[in-house]
Amino acid sequence: QVQLVESGGGLVQAGGSLRLSCTASKSISLSNRMGWYRQSPGKLRELVAQLISGGSTNYADSVKGRFTISRDNSKNTMYLQMNSLKPEDTALYYCNILILGVGNYWGQGTQVTVSS
């Protein structure tokens with residue numbers, strides 16, 4: 001079992017920046033896929049950014065050029081740097097880690113609110 005704890009959410013004005021962190025209770029070095037998702041009221045959870053083993057990344061079109069996903073294996077932590085935030089980025093953000101043969105894990109979520 002792997003516990004994930006997100007932090008870094010908050011209230012920010014449009015155009016501002018936040019950095020989300022997701023710290024795992026165990027090593028993330030064997031993860032096959034890591035990512036950030038978000039969900040707004042009345043909407044489905046959507047993929048924001050993804051890191052795949054081997055180093056490739058995927059981003060939602062709506063965040064390309066503004067958000068950057070990264071990881072620090074030595075700290076068992078994944079990050080999401082969010083710049084040029086927009087009100088439509090307001091959501092509950094979740095981190096996710098998939099370790100094949102072990103499990104697929106989710107954090108509890110951290111709220112990001114962007115005011116106009």
# chains A, B, ... in the order shown; residues from 1 in each chain; ligands from 1
call {"tool": "residues_around", "arguments": {"residues": "region 42-49 of chain A", "least_positions_apart": "4", "cutoff": "12 Å", "atoms": "only C-alpha atoms", "output": "VMD selection string"}}
result
chain A and resid 33 to 38 56 to 70 78 to 82 89 to 96 109
call {"tool": "residues_around", "arguments": {"residues": "Ile97 (chain A)", "least_positions_apart": "3", "cutoff": "12 Å", "atoms": "only C-alpha atoms", "output": "VMD selection string"}}
result
chain A and resid 1 to 5 22 to 37 50 to 53 71 76 to 78 94 100 102 to 107
call {"tool": "closest_residue", "arguments": {"among": "A:Gly55, A:Gly16, A:Gly10, A:Pro87", "to": "Ser40 (chain A)", "atoms": "only C-alpha atoms"}}
result
A:Pro87
call {"tool": "select_by_dssp", "arguments": {"residues": "region 11-112 of chain A", "states": "helix (DSSP H, G or I)", "output": "list in words"}}
result
Asn73, Ser74, Lys75, Pro87, Glu88 and Asp89 of chain A
call {"tool": "write_last_selection", "arguments": {"atoms": "all heavy atoms", "output": "compact mmCIF listing (two decimals), in the first residue's frame"}}
result
# COMPACT_ATOMS: atom_id res chain seq x y z
N ASN A 73 12.93 11.57 -7.15
CA ASN A 73 12.88 10.23 -6.55
C ASN A 73 13.51 10.20 -5.16
O ASN A 73 13.09 9.42 -4.30
CB ASN A 73 13.59 9.22 -7.46
CG ASN A 73 12.77 8.89 -8.70
OD1 ASN A 73 11.59 9.25 -8.80
ND2 ASN A 73 13.40 8.23 -9.65
N SER A 74 14.51 11.05 -4.94
CA SER A 74 15.18 11.04 -3.63
C SER A 74 14.25 11.51 -2.51
O SER A 74 14.47 11.18 -1.34
CB SER A 74 16.43 11.93 -3.68
OG SER A 74 16.07 13.29 -3.81
N LYS A 75 13.21 12.26 -2.88
CA LYS A 75 12.24 12.75 -1.90
C LYS A 75 10.90 12.05 -2.02
O LYS A 75 9.95 12.42 -1.33
CB LYS A 75 12.05 14.26 -2.06
CG LYS A 75 13.30 15.08 -1.79
CD LYS A 75 13.03 16.56 -1.95
CE LYS A 75 14.29 17.37 -1.65
NZ LYS A 75 14.07 18.83 -1.81
N PRO A 87 -8.84 31.39 -14.09
CA PRO A 87 -9.99 30.96 -13.26
C PRO A 87 -10.48 29.56 -13.63
O PRO A 87 -10.92 28.81 -12.75
CB PRO A 87 -11.03 32.03 -13.58
CG PRO A 87 -10.23 33.25 -13.88
CD PRO A 87 -9.03 32.74 -14.63
N GLU A 88 -10.38 29.19 -14.88
CA GLU A 88 -10.84 27.86 -15.29
C GLU A 88 -9.93 26.73 -14.80
O GLU A 88 -10.27 25.55 -14.96
CB GLU A 88 -11.00 27.77 -16.81
CG GLU A 88 -9.81 28.24 -17.61
CD GLU A 88 -9.94 29.69 -18.06
OE1 GLU A 88 -10.37 30.54 -17.24
OE2 GLU A 88 -9.59 29.97 -19.23
N ASP A 89 -8.80 27.07 -14.20
CA ASP A 89 -7.95 26.05 -13.58
C ASP A 89 -8.43 25.69 -12.18
O ASP A 89 -7.90 24.76 -11.56
CB ASP A 89 -6.50 26.55 -13.49
CG ASP A 89 -5.85 26.74 -14.84
OD1 ASP A 89 -6.05 25.89 -15.73
OD2 ASP A 89 -5.14 27.76 -15.01
call {"tool": "atom_distance", "arguments": {"atom1": "CA of Ala14 (chain A)", "atom2": "CA of Ser115 (chain A)"}}
result
5.7 Å
call {"tool": "residues_around", "arguments": {"residues": "Gly9 (chain A)", "least_positions_apart": "4", "cutoff": "8 Å", "atoms": "only C-alpha atoms", "output": "list in words"}}
result
Leu18, Arg19, Leu20, Thr110, Gln111, Val112 and Thr113 of chain A
call {"tool": "closest_residue", "arguments": {"among": "A:Gln108, A:Pro41, A:Ser84, A:Leu98", "to": "Ser17 (chain A)", "atoms": "only C-alpha atoms"}}
result
A:Ser84
call {"tool": "select_by_dssp", "arguments": {"residues": "region 4-110 of chain A", "states": "strand (DSSP E or B)", "output": "ChimeraX atom specification"}}
result
/A:4-7,10-13,18-24,33-39,46-52,57-59,67-72,77-82,91-99,103-106,110
